[in-house]
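One structure is given below, encoded as structure tokens.
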Amino acid sequence: MTSVFQHLLDIKSQKGAAYIVLIDPDEKNDDTLISQVRAANDTGVDALFVGGSLMMDSKHNDRVATIKREADIPVIFFPGGVNQINTHYDAMLFLTLLSGRNPQYLIGEQVVAAPIVKDLGIEVIPTAYLLFNGGTQSTVEVMSGTKPLPMSRPDIAIAHALAAEYLGNKLIYLEAGSGAKEAIPVEIIQKVYAQTVVPLIVGGGIRSPKAARERVEAGASFIVTGTVLEENNGRGLMTEFADAVHRGKS
Ligand code: 1GP
């Protein structure tokens, strides 16, 4: 059976890039959860990332079960913490918050998670998570107690990306933070892409299909959107994003 990671790489080589929708299994999305997943099934979305930095009730595991039941595409755990692990995921990003200097998110959570992940048999995708300053204080910045990287310093971004590659990560996530005012700049993506062989996920503050397309052309292999779809519940925008990300090679 093809791994989820290989499936994502295959989509990238067939379509130029993959489009991933982030669903936060928090109570704020209770009413739209099923419609979002069904829309993703039907509009050319390639996979779902599921997770969030802060859960405001205890029902997130039930919501993930609902997402998995409804989804025809891979459901990938995008962990906000070890407490969110459950049996419903097809794979997980095994994240290290490499932009930060908080040992809890560099290795602490991972050590606690590892035996549980092994026991559950979840496919892991080693992923370096680089959080940038998207112009507003993100939930992940607050919850992780780490400083984001400056958007204005491609040299610092490149150094972190190279460290991520040499540490053996299979993906690098360039993250502006959910709801960011400013998405990761095209220039940062171009410069990081030129220096590393590791496929790039780009997310945070991407609010238009045009912005998504520009980031694919700059070198992103995977585009993630969350907030814009929470604010505009409907299939139309999802289809436009999928077409923009895939344009040219489908
Ligand atoms: C956040 O990159 C994702 O982790 C998506 O961000 O919610 O701003 O689309 P948005």
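In the structure tokens, chains take the letters A, B, ... in the order shown, each chain's residues start at 1, and ligands count up from 1 in the order shown.
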
Which residues, written as a ChimeraX atom specification, have at least one atom at most 8 Å from range 148-154 of chain A, with only C-alpha atoms counted and residues fewer than 3 positions away on the same chain left out? /A:99-100,130-134,141,157-158,184-185,187-188,191-192

Kindly assemble as CSV a list of the chain A residues that lie within 8 Å of ligand 1, each paired with its nearest atom pair and their distance in Å to one decimal, using only C-alpha atoms and all ligand atoms, sorted first by chain and then by ascending residue number.
residue,atom,partner,partner_atom_place_in_ligand_line,distance
A:Val21,CA,ligand 1,5 (C),7.9
A:Leu22,CA,ligand 1,5 (C),6.1
A:Gly52,CA,ligand 1,4 (O),7.4
A:Glu175,CA,ligand 1,2 (O),5.4
A:Ala176,CA,ligand 1,2 (O),6.6
A:Gly177,CA,ligand 1,1 (C),5.1
A:Ser178,CA,ligand 1,8 (O),3.6
A:Gly179,CA,ligand 1,8 (O),3.6
A:Ala180,CA,ligand 1,8 (O),5.3
A:Ala183,CA,ligand 1,8 (O),7.8
A:Val202,CA,ligand 1,2 (O),6.7
A:Gly203,CA,ligand 1,2 (O),3.4
A:Gly204,CA,ligand 1,6 (O),3.2
A:Gly205,CA,ligand 1,8 (O),3.7
A:Ile206,CA,ligand 1,9 (O),5.5
A:Arg207,CA,ligand 1,9 (O),7.0
A:Val224,CA,ligand 1,5 (C),5.4
A:Thr225,CA,ligand 1,9 (O),3.6
A:Gly226,CA,ligand 1,9 (O),3.6
A:Thr227,CA,ligand 1,7 (O),3.6
A:Val228,CA,ligand 1,9 (O),5.9
A:Leu229,CA,ligand 1,9 (O),7.7

Which of range 20-179 of chain A DSSP labels alpha helix (DSSP H), written as a compact mmCIF listing (two decimals) with N, CA, C and O atoms, in the first residue's frame:
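So result10.txt came out as:
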# COMPACT_ATOMS: atom_id res chain seq x y z
N LEU A 33 -18.22 21.41 10.30
CA LEU A 33 -17.25 20.32 10.14
C LEU A 33 -17.60 19.38 8.97
O LEU A 33 -16.79 19.16 8.06
N ILE A 34 -18.80 18.84 8.99
CA ILE A 34 -19.17 17.84 7.99
C ILE A 34 -19.25 18.46 6.60
O ILE A 34 -18.75 17.89 5.62
N SER A 35 -19.82 19.66 6.52
CA SER A 35 -19.92 20.28 5.19
C SER A 35 -18.54 20.61 4.63
O SER A 35 -18.30 20.48 3.42
N GLN A 36 -17.61 20.99 5.51
CA GLN A 36 -16.24 21.28 5.04
C GLN A 36 -15.58 20.02 4.48
O GLN A 36 -14.94 20.05 3.43
N VAL A 37 -15.74 18.91 5.19
CA VAL A 37 -15.10 17.66 4.74
C VAL A 37 -15.72 17.19 3.43
O VAL A 37 -15.02 16.81 2.49
N ARG A 38 -17.05 17.26 3.34
CA ARG A 38 -17.72 16.82 2.10
C ARG A 38 -17.34 17.71 0.93
O ARG A 38 -17.13 17.23 -0.19
N ALA A 39 -17.21 19.01 1.20
CA ALA A 39 -16.78 19.94 0.14
C ALA A 39 -15.37 19.58 -0.31
O ALA A 39 -15.07 19.56 -1.51
N ALA A 40 -14.50 19.28 0.64
CA ALA A 40 -13.11 18.92 0.28
C ALA A 40 -13.08 17.65 -0.58
O ALA A 40 -12.32 17.56 -1.55
N ASN A 41 -13.95 16.68 -0.23
CA ASN A 41 -14.02 15.44 -1.03
C ASN A 41 -14.32 15.73 -2.50
O ASN A 41 -13.82 15.04 -3.39
N ASP A 42 -15.17 16.75 -2.71
CA ASP A 42 -15.74 16.96 -4.04
C ASP A 42 -15.04 18.01 -4.88
O ASP A 42 -15.43 18.22 -6.03
N HIS A 60 -12.61 17.12 20.88
CA HIS A 60 -11.87 17.13 19.61
C HIS A 60 -11.68 15.73 19.05
O HIS A 60 -11.71 15.53 17.84
N ASN A 61 -11.50 14.73 19.91
CA ASN A 61 -11.32 13.38 19.38
C ASN A 61 -12.59 12.88 18.66
O ASN A 61 -12.51 12.20 17.63
N ASP A 62 -13.76 13.24 19.18
CA ASP A 62 -15.01 12.87 18.51
C ASP A 62 -15.11 13.56 17.16
O ASP A 62 -15.57 12.98 16.18
N ARG A 63 -14.68 14.83 17.12
CA ARG A 63 -14.74 15.55 15.84
C ARG A 63 -13.77 14.94 14.82
O ARG A 63 -14.09 14.85 13.64
N VAL A 64 -12.60 14.50 15.28
CA VAL A 64 -11.66 13.86 14.35
C VAL A 64 -12.27 12.56 13.81
O VAL A 64 -12.14 12.24 12.62
N ALA A 65 -12.96 11.82 14.67
CA ALA A 65 -13.64 10.60 14.22
C ALA A 65 -14.67 10.93 13.14
O ALA A 65 -14.80 10.22 12.13
N THR A 66 -15.40 12.01 13.32
CA THR A 66 -16.39 12.45 12.32
C THR A 66 -15.69 12.81 11.01
O THR A 66 -16.14 12.41 9.92
N ILE A 67 -14.60 13.55 11.12
CA ILE A 67 -13.85 13.94 9.92
C ILE A 67 -13.40 12.69 9.16
O ILE A 67 -13.57 12.58 7.95
N LYS A 68 -12.83 11.73 9.89
CA LYS A 68 -12.33 10.50 9.26
C LYS A 68 -13.47 9.72 8.60
O LYS A 68 -13.33 9.17 7.51
N ARG A 69 -14.59 9.68 9.27
CA ARG A 69 -15.75 8.94 8.73
C ARG A 69 -16.23 9.55 7.41
O ARG A 69 -16.60 8.85 6.48
N GLU A 70 -16.19 10.86 7.33
CA GLU A 70 -16.71 11.57 6.16
C GLU A 70 -15.71 11.69 5.02
O GLU A 70 -16.09 11.88 3.87
N PRO A 103 12.79 23.63 24.37
CA PRO A 103 13.05 22.18 24.26
C PRO A 103 11.80 21.32 24.30
O PRO A 103 11.78 20.22 23.75
N GLU A 109 7.86 16.93 23.59
CA GLU A 109 6.57 16.36 23.18
C GLU A 109 6.76 15.12 22.31
O GLU A 109 6.00 14.16 22.37
N GLN A 110 7.82 15.15 21.49
CA GLN A 110 8.08 14.04 20.56
C GLN A 110 8.40 12.75 21.32
O GLN A 110 7.96 11.66 20.93
N VAL A 111 9.18 12.89 22.41
CA VAL A 111 9.54 11.70 23.19
C VAL A 111 8.30 11.12 23.88
O VAL A 111 8.12 9.90 23.92
N VAL A 112 7.45 11.99 24.38
CA VAL A 112 6.21 11.51 25.01
C VAL A 112 5.31 10.85 23.96
O VAL A 112 4.69 9.81 24.21
N ALA A 113 5.28 11.44 22.76
CA ALA A 113 4.38 10.93 21.71
C ALA A 113 4.86 9.61 21.10
O ALA A 113 4.04 8.77 20.72
N ALA A 114 6.18 9.44 21.00
CA ALA A 114 6.72 8.35 20.17
C ALA A 114 6.17 6.96 20.51
O ALA A 114 5.73 6.23 19.60
N PRO A 115 6.19 6.53 21.79
CA PRO A 115 5.67 5.18 22.08
C PRO A 115 4.17 5.04 21.77
O PRO A 115 3.72 3.97 21.38
N ILE A 116 3.43 6.14 21.94
CA ILE A 116 1.99 6.09 21.66
C ILE A 116 1.77 5.95 20.16
O ILE A 116 0.95 5.15 19.70
N VAL A 117 2.56 6.70 19.39
CA VAL A 117 2.47 6.64 17.93
C VAL A 117 2.83 5.23 17.45
O VAL A 117 2.16 4.66 16.59
N LYS A 118 3.88 4.67 18.04
CA LYS A 118 4.31 3.31 17.68
C LYS A 118 3.19 2.31 17.96
O LYS A 118 2.87 1.45 17.13
N ASP A 119 2.59 2.44 19.13
CA ASP A 119 1.53 1.51 19.53
C ASP A 119 0.32 1.63 18.60
O ASP A 119 -0.29 0.62 18.23
N LEU A 120 0.00 2.86 18.19
CA LEU A 120 -1.16 3.07 17.32
C LEU A 120 -0.85 2.72 15.86
O LEU A 120 -1.76 2.55 15.05
N THR A 139 -1.58 31.95 17.66
CA THR A 139 -1.85 31.06 18.80
C THR A 139 -0.65 30.15 19.06
O THR A 139 -0.27 29.93 20.21
N VAL A 140 -0.01 29.67 18.00
CA VAL A 140 1.12 28.76 18.20
C VAL A 140 2.29 29.48 18.87
O VAL A 140 2.99 28.90 19.71
N GLU A 141 2.47 30.76 18.54
CA GLU A 141 3.54 31.53 19.20
C GLU A 141 3.28 31.61 20.71
O GLU A 141 4.18 31.35 21.52
N VAL A 142 2.05 31.91 21.05
CA VAL A 142 1.71 32.05 22.48
C VAL A 142 1.81 30.70 23.18
O VAL A 142 2.44 30.56 24.23
N MET A 143 1.20 29.67 22.57
CA MET A 143 1.12 28.37 23.24
C MET A 143 2.47 27.68 23.33
O MET A 143 2.72 26.91 24.25
N SER A 144 3.35 27.93 22.35
CA SER A 144 4.65 27.25 22.37
C SER A 144 5.70 28.06 23.13
O SER A 144 6.79 27.55 23.42
N PRO A 154 15.61 36.43 4.74
CA PRO A 154 15.74 35.16 4.03
C PRO A 154 16.96 34.35 4.48
O PRO A 154 16.93 33.12 4.47
N ASP A 155 18.04 35.03 4.89
CA ASP A 155 19.24 34.30 5.33
C ASP A 155 18.93 33.44 6.55
O ASP A 155 19.36 32.27 6.63
N ILE A 156 18.17 33.99 7.48
CA ILE A 156 17.81 33.21 8.68
C ILE A 156 16.89 32.05 8.30
O ILE A 156 17.02 30.93 8.81
N ALA A 157 15.96 32.32 7.38
CA ALA A 157 15.06 31.25 6.92
C ALA A 157 15.85 30.12 6.26
O ALA A 157 15.61 28.93 6.53
N ILE A 158 16.82 30.50 5.41
CA ILE A 158 17.64 29.49 4.71
C ILE A 158 18.42 28.65 5.73
O ILE A 158 18.49 27.42 5.61
N ALA A 159 19.02 29.31 6.72
CA ALA A 159 19.82 28.58 7.71
C ALA A 159 18.96 27.55 8.44
O ALA A 159 19.40 26.40 8.67
N HIS A 160 17.73 27.95 8.79
CA HIS A 160 16.84 26.99 9.47
C HIS A 160 16.43 25.85 8.54
O HIS A 160 16.34 24.70 8.95
N ALA A 161 16.18 26.18 7.27
CA ALA A 161 15.76 25.14 6.32
C ALA A 161 16.89 24.15 6.07
O ALA A 161 16.65 22.93 5.99
N LEU A 162 18.10 24.65 5.97
CA LEU A 162 19.23 23.73 5.78
C LEU A 162 19.42 22.84 7.00
O LEU A 162 19.67 21.63 6.87
N ALA A 163 19.29 23.42 8.19
CA ALA A 163 19.40 22.61 9.41
C ALA A 163 18.31 21.54 9.41
O ALA A 163 18.56 20.38 9.76
N ALA A 164 17.11 21.91 8.98
CA ALA A 164 16.00 20.95 8.91
C ALA A 164 16.35 19.80 7.96
O ALA A 164 16.11 18.62 8.26
N GLU A 165 16.92 20.15 6.81
CA GLU A 165 17.31 19.12 5.83
C GLU A 165 18.39 18.20 6.41
O GLU A 165 18.28 16.97 6.34
N TYR A 166 19.41 18.78 7.00
CA TYR A 166 20.53 17.98 7.51
C TYR A 166 20.12 17.13 8.71
O TYR A 166 20.77 16.12 9.01

So how many Å separate CA of Thr43 in chain A and CA of Ile85 in chain A, to one decimal? 27.7 Å

Top pick for closest residue to Thr239 in chain A, considering A:Val4, A:Ile20, A:Val45, A:Ile172 and counting only C-alpha atoms: A:Val45

Residues flagged strand (DSSP E or B) by DSSP in range 51-223 of chain A, as a VMD selection string: chain A and resid 75 to 77 91 to 97 123 to 132 149 171 to 175 200 to 203 222 to 223

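For the pair CA of Asp243 in chain A and CA of Ile201 in chain A, the separation is 17.4 Å.
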
Pick from A:Lys28, A:Phe94, A:Ala211, A:Ser221 nearest to Ile11 in chain A, counting only C-alpha atoms: A:Ser221

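Put simply, CA of Ile122 in chain A is 12.0 Å away from CA of Phe5 in chain A.
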
Find the residues around Tyr19 in chain A up to 7 Å (only C-alpha atoms counted), leave out those fewer than 3 positions away in its own chain, and share them as a PyMOL selection string. chain A and resi 45-46+222-224+242+245

Same residues, N, CA, C and O atoms, output as a short mmCIF file (atom, residue, chain, number, x, y, z; two decimals), in the first residue's frame:
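To be explicit, this is the file written out as out_28.cif:
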data_model
loop_
_atom_site.label_atom_id
_atom_site.label_comp_id
_atom_site.auth_asym_id
_atom_site.auth_seq_id
_atom_site.Cartn_x
_atom_site.Cartn_y
_atom_site.Cartn_z
N VAL A 45 -9.55 18.86 -3.40
CA VAL A 45 -8.59 18.98 -2.29
C VAL A 45 -7.85 17.64 -2.17
O VAL A 45 -8.46 16.57 -2.30
N ASP A 46 -6.54 17.69 -1.92
CA ASP A 46 -5.74 16.46 -1.94
C ASP A 46 -5.64 15.76 -0.59
O ASP A 46 -5.42 14.55 -0.54
N PHE A 222 3.28 22.20 -1.34
CA PHE A 222 2.00 21.98 -0.67
C PHE A 222 1.51 23.31 -0.12
O PHE A 222 2.25 24.02 0.54
N ILE A 223 0.25 23.62 -0.43
CA ILE A 223 -0.36 24.86 0.06
C ILE A 223 -1.46 24.49 1.05
O ILE A 223 -2.30 23.62 0.76
N VAL A 224 -1.45 25.18 2.19
CA VAL A 224 -2.45 24.92 3.23
C VAL A 224 -3.28 26.18 3.46
O VAL A 224 -2.73 27.27 3.62
N ALA A 242 -8.15 24.86 -5.27
CA ALA A 242 -7.61 23.61 -5.82
C ALA A 242 -7.16 23.82 -7.25
O ALA A 242 -6.06 23.39 -7.64
N VAL A 245 -3.90 25.94 -7.31
CA VAL A 245 -2.71 25.21 -6.87
C VAL A 245 -2.30 24.19 -7.93
O VAL A 245 -1.11 24.00 -8.19
#

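Nearest-residue note for Val216 in chain A: choosing from A:Met56, A:Ala17, A:Leu8, A:Val50, the minimum distance belongs to A:Ala17, counting only C-alpha atoms.
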
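You can rank A:Val186, A:Leu54, A:Ile107, A:Leu48 by their closest distance to Ala71 in chain A using only C-alpha atoms, and at the top of that list sits A:Leu48.
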